[in-house]
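The structure file start.cif is reproduced below (mmCIF, C-alpha atoms).
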```cif
data_start
loop_
_atom_site.label_atom_id
_atom_site.label_comp_id
_atom_site.auth_asym_id
_atom_site.auth_seq_id
_atom_site.Cartn_x
_atom_site.Cartn_y
_atom_site.Cartn_z
CA MET A 19 1.51 -7.76 -19.80
CA PRO A 20 -2.26 -8.29 -20.49
CA PHE A 21 -1.65 -11.91 -21.49
CA ASP A 22 0.58 -12.53 -18.47
CA LEU A 23 -2.03 -10.98 -16.17
CA HIS A 24 -4.68 -13.17 -17.74
CA THR A 25 -2.58 -16.30 -17.15
CA LEU A 26 -1.58 -15.34 -13.59
CA ILE A 27 -5.17 -14.75 -12.47
CA GLN A 28 -6.27 -18.06 -13.96
CA THR A 29 -3.41 -19.81 -12.16
CA PHE A 30 -3.53 -18.19 -8.70
CA GLY A 31 -7.14 -16.97 -8.55
CA TYR A 32 -8.61 -14.86 -5.74
CA PRO A 33 -5.53 -14.66 -3.46
CA LEU A 34 -3.39 -13.09 -6.18
CA VAL A 35 -5.98 -10.48 -7.14
CA TRP A 36 -6.83 -9.54 -3.56
CA SER A 37 -3.15 -9.32 -2.57
CA ILE A 38 -2.37 -6.95 -5.43
CA VAL A 39 -5.44 -4.81 -4.68
CA PHE A 40 -4.36 -4.56 -1.04
CA ALA A 41 -0.75 -3.74 -1.92
CA GLU A 42 -1.67 -1.08 -4.46
CA SER A 43 -4.07 0.55 -2.02
CA GLY A 44 -1.95 0.45 1.11
CA LEU A 45 1.75 -0.26 0.53
CA LEU A 46 4.34 2.16 -0.79
CA VAL A 47 5.29 -0.27 -3.57
CA GLY A 48 1.70 -0.35 -4.78
CA PHE A 49 2.14 2.28 -7.48
CA LEU A 50 4.10 -0.31 -9.49
CA LEU A 51 1.08 -2.63 -9.74
CA PRO A 52 -1.57 -2.84 -12.51
CA GLY A 53 -4.69 -2.10 -10.45
CA ASP A 54 -7.24 -1.00 -13.06
CA SER A 55 -6.39 -3.61 -15.67
CA LEU A 56 -6.14 -6.25 -12.93
CA LEU A 57 -9.70 -5.62 -11.74
CA PHE A 58 -11.03 -5.56 -15.27
CA VAL A 59 -9.30 -8.81 -16.26
CA ALA A 60 -10.43 -10.47 -13.01
CA GLY A 61 -14.04 -9.59 -13.77
CA PHE A 62 -13.62 -10.63 -17.39
CA LEU A 63 -12.32 -14.06 -16.37
CA CYS A 64 -15.22 -14.51 -13.97
CA SER A 65 -17.53 -14.36 -17.00
CA LEU A 66 -15.89 -17.51 -18.40
CA PRO A 67 -17.37 -20.70 -16.88
CA LYS A 68 -14.15 -22.65 -17.47
CA THR A 69 -12.16 -20.52 -14.99
CA GLY A 70 -14.34 -21.46 -12.01
CA LEU A 71 -14.13 -17.90 -10.64
CA ASP A 72 -17.26 -16.42 -9.09
CA ILE A 73 -17.92 -12.73 -9.78
CA GLN A 74 -19.63 -12.11 -6.42
CA VAL A 75 -16.73 -13.56 -4.46
CA MET A 76 -14.17 -11.78 -6.62
CA ALA A 77 -15.84 -8.35 -6.51
CA PHE A 78 -16.60 -8.45 -2.78
CA GLY A 79 -13.06 -9.55 -1.95
CA CYS A 80 -11.58 -6.78 -4.11
CA PHE A 81 -13.75 -4.22 -2.32
CA VAL A 82 -12.79 -5.46 1.15
CA PHE A 83 -9.06 -5.52 0.41
CA ALA A 84 -9.18 -2.13 -1.29
CA VAL A 85 -10.73 -0.61 1.86
CA LEU A 86 -8.28 -2.45 4.13
CA GLY A 87 -5.34 -1.34 1.99
CA ASP A 88 -6.33 2.32 2.18
CA SER A 89 -6.72 2.00 5.96
CA VAL A 90 -3.14 0.73 6.19
CA GLY A 91 -2.04 3.66 4.03
CA TYR A 92 -3.87 6.09 6.33
CA TYR A 93 -2.15 4.75 9.45
CA THR A 94 1.20 4.77 7.65
CA GLY A 95 0.77 8.48 6.99
CA LYS A 96 -0.50 9.16 10.49
CA ARG A 97 2.33 7.21 12.12
CA PHE A 98 5.30 8.35 10.05
CA GLY A 99 3.90 11.67 8.85
CA ARG A 100 6.30 14.14 7.33
CA LYS A 101 9.24 11.75 7.71
CA LEU A 102 8.16 10.19 4.43
CA PHE A 103 9.00 13.45 2.64
CA ASP A 104 12.58 13.18 3.87
CA ARG A 105 12.95 9.62 2.64
CA GLU A 106 15.38 9.04 -0.23
CA ASP A 107 14.05 7.78 -3.55
CA SER A 108 14.51 4.10 -4.24
CA LYS A 109 13.34 1.54 -6.76
CA PHE A 110 10.12 1.07 -4.78
CA PHE A 111 9.53 4.60 -3.52
CA LYS A 112 9.37 7.86 -5.44
CA LYS A 113 8.83 11.01 -3.41
CA LYS A 114 7.43 12.81 -6.45
CA HIS A 115 4.35 10.57 -6.34
CA LEU A 116 3.78 11.48 -2.71
CA VAL A 117 4.14 15.17 -3.51
CA ALA A 118 1.72 14.83 -6.44
CA ALA A 119 -0.82 13.08 -4.23
CA GLU A 120 -0.52 15.81 -1.60
CA ALA A 121 -1.12 18.52 -4.21
CA PHE A 122 -4.10 16.60 -5.59
CA PHE A 123 -5.48 16.15 -2.08
CA GLU A 124 -5.17 19.88 -1.38
CA ARG A 125 -7.02 20.78 -4.59
CA GLN A 126 -9.81 18.22 -4.39
CA GLY A 127 -10.26 17.92 -0.63
CA LYS A 128 -12.00 14.86 0.77
CA THR A 129 -13.32 13.79 -2.64
CA ALA A 130 -9.68 13.16 -3.62
CA LEU A 131 -9.99 9.83 -1.79
CA ILE A 132 -12.69 8.82 -4.27
CA LEU A 133 -11.21 10.35 -7.42
CA ALA A 134 -7.71 9.07 -6.65
CA ARG A 135 -8.93 5.48 -6.86
CA PHE A 136 -9.03 5.88 -10.62
CA MET A 137 -5.59 7.50 -10.91
CA PRO A 138 -2.48 5.27 -10.93
CA PHE A 139 0.26 6.41 -8.54
CA VAL A 140 -2.05 8.90 -6.81
CA ARG A 141 -4.35 6.21 -5.40
CA THR A 142 -1.44 4.58 -3.56
CA PHE A 143 -0.42 7.79 -1.82
CA ALA A 144 -3.78 9.54 -1.28
CA PRO A 145 -4.65 7.63 1.93
CA ILE A 146 -1.12 8.27 3.22
CA VAL A 147 -1.63 11.99 2.67
CA ALA A 148 -4.99 11.79 4.47
CA GLY A 149 -3.18 10.29 7.46
CA ILE A 150 -0.49 12.95 7.34
CA ALA A 151 -3.22 15.63 7.23
CA ALA A 152 -4.78 14.05 10.35
CA MET A 153 -8.19 13.63 8.72
CA ARG A 154 -10.69 12.17 11.18
CA TYR A 155 -10.70 8.40 10.70
CA LYS A 156 -14.51 8.26 10.62
CA THR A 157 -14.57 10.79 7.78
CA PHE A 158 -11.72 9.02 6.02
CA MET A 159 -13.54 5.68 6.19
CA GLN A 160 -16.69 7.13 4.67
CA TYR A 161 -14.82 8.30 1.58
CA ASN A 162 -12.64 5.20 1.63
CA VAL A 163 -15.66 2.91 1.43
CA VAL A 164 -17.34 4.92 -1.33
CA GLY A 165 -14.14 5.10 -3.38
CA GLY A 166 -13.30 1.46 -2.79
CA PHE A 167 -16.78 0.38 -3.85
CA ALA A 168 -16.80 2.49 -7.03
CA TRP A 169 -13.32 1.35 -8.05
CA ALA A 170 -13.19 -2.31 -7.01
CA ILE A 171 -16.80 -3.27 -7.66
CA GLY A 172 -17.23 -0.99 -10.68
CA LEU A 173 -14.22 -2.12 -12.69
CA THR A 174 -14.67 -5.78 -11.81
CA LEU A 175 -18.31 -5.73 -12.92
CA LEU A 176 -17.36 -3.80 -16.06
CA GLY A 177 -14.98 -6.59 -17.02
CA TYR A 178 -17.56 -9.23 -16.16
CA PHE A 179 -20.40 -7.79 -18.23
CA LEU A 180 -18.16 -7.03 -21.19
CA GLY A 181 -16.96 -10.62 -21.02
CA ARG A 182 -20.55 -11.85 -21.03
CA SER A 183 -21.29 -9.78 -24.13
CA ILE A 184 -18.44 -11.24 -26.23
CA PRO A 185 -18.79 -14.69 -27.84
CA GLU A 186 -16.36 -17.09 -26.16
CA ASP A 187 -14.65 -17.99 -29.44
CA GLN A 188 -13.77 -14.30 -30.00
CA ILE A 189 -12.46 -13.47 -26.53
CA ASP A 190 -8.77 -13.66 -27.49
CA ARG A 191 -9.44 -11.21 -30.31
CA TYR A 192 -10.93 -8.53 -28.05
CA LEU A 193 -9.29 -9.02 -24.65
CA ILE A 194 -5.91 -7.35 -25.24
CA PRO A 195 -7.30 -4.28 -27.10
CA ILE A 196 -9.86 -3.74 -24.32
CA ILE A 197 -7.23 -4.03 -21.57
CA LEU A 198 -4.95 -1.58 -23.40
CA GLY A 199 -7.89 0.80 -23.64
CA ILE A 200 -8.54 0.49 -19.90
CA MET A 201 -4.86 1.18 -19.18
CA PHE A 202 -4.89 4.26 -21.41
CA ILE A 203 -8.06 5.63 -19.82
CA SER A 204 -6.69 5.05 -16.30
CA LEU A 205 -3.42 6.82 -17.12
CA ALA A 206 -5.07 9.75 -18.92
CA PRO A 207 -5.95 11.80 -15.77
CA SER A 208 -2.39 11.51 -14.44
CA ILE A 209 -0.93 12.54 -17.80
CA PHE A 210 -3.34 15.47 -17.95
CA HIS A 211 -2.32 16.68 -14.47
CA ILE A 212 1.39 16.36 -15.32
CA ILE A 213 0.92 18.43 -18.49
CA ARG A 214 -1.06 21.08 -16.61
CA ALA A 215 1.57 21.24 -13.87
CA LYS A 216 4.33 21.78 -16.44
CA GLN A 217 2.29 24.50 -18.13
CA ARG A 218 1.75 26.27 -14.79
CA ASN A 219 5.48 26.07 -14.02
CA LYS A 220 6.35 27.58 -17.40
CA GLY A 221 3.75 30.31 -16.79
#
```
Written as structure tokens, how would this file's structure read?
Amino acid sequence: MPFDLHTLIQTFGYPLVWSIVFAESGLLVGFLLPGDSLLFVAGFLCSLPKTGLDIQVMAFGCFVFAVLGDSVGYYTGKRFGRKLFDREDSKFFKKKHLVAAEAFFERQGKTALILARFMPFVRTFAPIVAGIAAMRYKTFMQYNVVGGFAWAIGLTLLGYFLGRSIPEDQIDRYLIPIILGIMFISLAPSIFHIIRAKQRNKG
């Protein structure tokens, strides 16, 4: 997948990255998408002159579409509310992810909107839960902007500066291991919460 992601971003550029960021932040199918590794690879490719991608344009666009995506998620939750919990599972919708996001939201409160950005699955459903909980939109947007900035700008710049620090002739050697590391780190919180939940259920 890392190589394919690398090739896709080089081929389709900004529109592909921004579309995926928006979908993962605001559409129910977003949990299937590679958000963290996508942002990192996008920033990494911006560090390579031959790609023609500008880091300022890329990072700002990712931030804007992350915020817009969460806003769509918020209004989805506000509009359809508890009906989503009655929806049958499908290939593109798993109720268990919505339930997990709701539990995380209840434990962490408003800061869940920031923390969830760095948790696959949860970040797709956290804004939906905020809408269901009828959080004031002004309050939601404050945390939405902070979380979107930290996630979209932070990971994109991380990829960019790491790319700048690696000699161009050694990029292929380091790119895949770094992306796999990013994927592992991004999945670690979700795995930890799943393990803790199972331990509590056994207890």
Residues selected by the PyMOL selection byres ((chain A and resi 122) around 10), written as number ranges by chain
A: 116-121, 123-127, 130-131, 133-134, 140, 144, 147, 211
Taking (-12.6, -11.3, -17.4) as a centre in this file's frame and 10 Å as the limit, can you find every polymer residue with an atom that close, using only C-alpha atoms, and give them as a compact mmCIF listing (two decimals) with C-alpha atoms, keeping the file's coordinate frame?
```txt
# COMPACT_ATOMS: atom_id res chain seq x y z
CA HIS A 24 -4.68 -13.17 -17.74
CA ILE A 27 -5.17 -14.75 -12.47
CA GLN A 28 -6.27 -18.06 -13.96
CA LEU A 56 -6.14 -6.25 -12.93
CA LEU A 57 -9.70 -5.62 -11.74
CA PHE A 58 -11.03 -5.56 -15.27
CA VAL A 59 -9.30 -8.81 -16.26
CA ALA A 60 -10.43 -10.47 -13.01
CA GLY A 61 -14.04 -9.59 -13.77
CA PHE A 62 -13.62 -10.63 -17.39
CA LEU A 63 -12.32 -14.06 -16.37
CA CYS A 64 -15.22 -14.51 -13.97
CA SER A 65 -17.53 -14.36 -17.00
CA LEU A 66 -15.89 -17.51 -18.40
CA THR A 69 -12.16 -20.52 -14.99
CA LEU A 71 -14.13 -17.90 -10.64
CA ILE A 73 -17.92 -12.73 -9.78
CA THR A 174 -14.67 -5.78 -11.81
CA LEU A 175 -18.31 -5.73 -12.92
CA LEU A 176 -17.36 -3.80 -16.06
CA GLY A 177 -14.98 -6.59 -17.02
CA TYR A 178 -17.56 -9.23 -16.16
CA PHE A 179 -20.40 -7.79 -18.23
CA LEU A 180 -18.16 -7.03 -21.19
CA GLY A 181 -16.96 -10.62 -21.02
CA ARG A 182 -20.55 -11.85 -21.03
CA ILE A 189 -12.46 -13.47 -26.53
CA LEU A 193 -9.29 -9.02 -24.65
CA ILE A 197 -7.23 -4.03 -21.57
```
Take atom CA of Val35 of chain A and atom CA of Phe98 of chain A and report the distance between them in Å, one decimal.
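Atom CA of Phe98 of chain A lies 27.9 Å from atom CA of Val35 of chain A.
Interatomic distance, atom CA of Lys128 of chain A to atom CA of Gln160 of chain A: 9.8 Å.
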So that I can check the surroundings of Val164 of chain A, please list as a PDB file with C-alpha atoms, in the frame of the given file every protein, DNA and RNA residue that reaches within 9 Å of it, counting all atoms listed in the file and ignoring chain neighbours fewer than 5 positions away.
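The file below, result.pdb, is the result:
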```
ATOM      1  CA  LEU A 131      -9.990   9.830  -1.790  1.00  0.00           C
ATOM      2  CA  ILE A 132     -12.690   8.820  -4.270  1.00  0.00           C
ATOM      3  CA  MET A 159     -13.540   5.680   6.190  1.00  0.00           C
ATOM      4  CA  TRP A 169     -13.320   1.350  -8.050  1.00  0.00           C
TER       5      TRP A 169
END
```
Between A:Tyr155, A:Arg135, A:Phe83, A:Ser89, which has the minimum distance to Pro33 of chain A (counting only C-alpha atoms)?
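Nearest to Pro33 of chain A: A:Phe83.
With atom CA of Ala152 of chain A on one side and atom CA of Ala168 of chain A on the other, the separation reads 24.1 Å.
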Which one is closest to Gly53 of chain A: A:Arg154, A:Arg191, A:Lys113, A:Arg141? Count all atoms listed in the file.
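Looking only at the distances to Gly53 of chain A, the closest residue turns out to be A:Arg141.
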Using the chain letters and residue numbers of this document, give as a VMD selection string the residues selected by the PyMOL selection byres ((chain A and resi 36) around 9).
chain A and resid 31 to 35 37 to 41 76 79 to 84
Serialized selection, C-alpha atoms, as a JSON list (two decimals), in the frame of the given file:
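Contents of result-v7.json, as written:
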```json
[["chain", "number", "residue", "atom", "x", "y", "z"],
["A", 31, "GLY", "CA", -7.14, -16.97, -8.55],
["A", 32, "TYR", "CA", -8.61, -14.86, -5.74],
["A", 33, "PRO", "CA", -5.53, -14.66, -3.46],
["A", 34, "LEU", "CA", -3.39, -13.09, -6.18],
["A", 35, "VAL", "CA", -5.98, -10.48, -7.14],
["A", 37, "SER", "CA", -3.15, -9.32, -2.57],
["A", 38, "ILE", "CA", -2.37, -6.95, -5.43],
["A", 39, "VAL", "CA", -5.44, -4.81, -4.68],
["A", 40, "PHE", "CA", -4.36, -4.56, -1.04],
["A", 41, "ALA", "CA", -0.75, -3.74, -1.92],
["A", 76, "MET", "CA", -14.17, -11.78, -6.62],
["A", 79, "GLY", "CA", -13.06, -9.55, -1.95],
["A", 80, "CYS", "CA", -11.58, -6.78, -4.11],
["A", 81, "PHE", "CA", -13.75, -4.22, -2.32],
["A", 82, "VAL", "CA", -12.79, -5.46, 1.15],
["A", 83, "PHE", "CA", -9.06, -5.52, 0.41],
["A", 84, "ALA", "CA", -9.18, -2.13, -1.29]]
```
The PyMOL selection byres ((chain A and resi 92) around 6) resolved against shown file, as a list in words
Ser89, Val90, Gly91, Tyr93, Thr94, Gly95, Pro145, Ile146 and Gly149 of chain A
Could you please take those selected residues and save C-alpha atoms as a compact mmCIF listing (two decimals), keeping the file's coordinate frame?
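The new file out-v6.txt reads:
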```txt
# COMPACT_ATOMS: atom_id res chain seq x y z
CA SER A 89 -6.72 2.00 5.96
CA VAL A 90 -3.14 0.73 6.19
CA GLY A 91 -2.04 3.66 4.03
CA TYR A 93 -2.15 4.75 9.45
CA THR A 94 1.20 4.77 7.65
CA GLY A 95 0.77 8.48 6.99
CA PRO A 145 -4.65 7.63 1.93
CA ILE A 146 -1.12 8.27 3.22
CA GLY A 149 -3.18 10.29 7.46
```
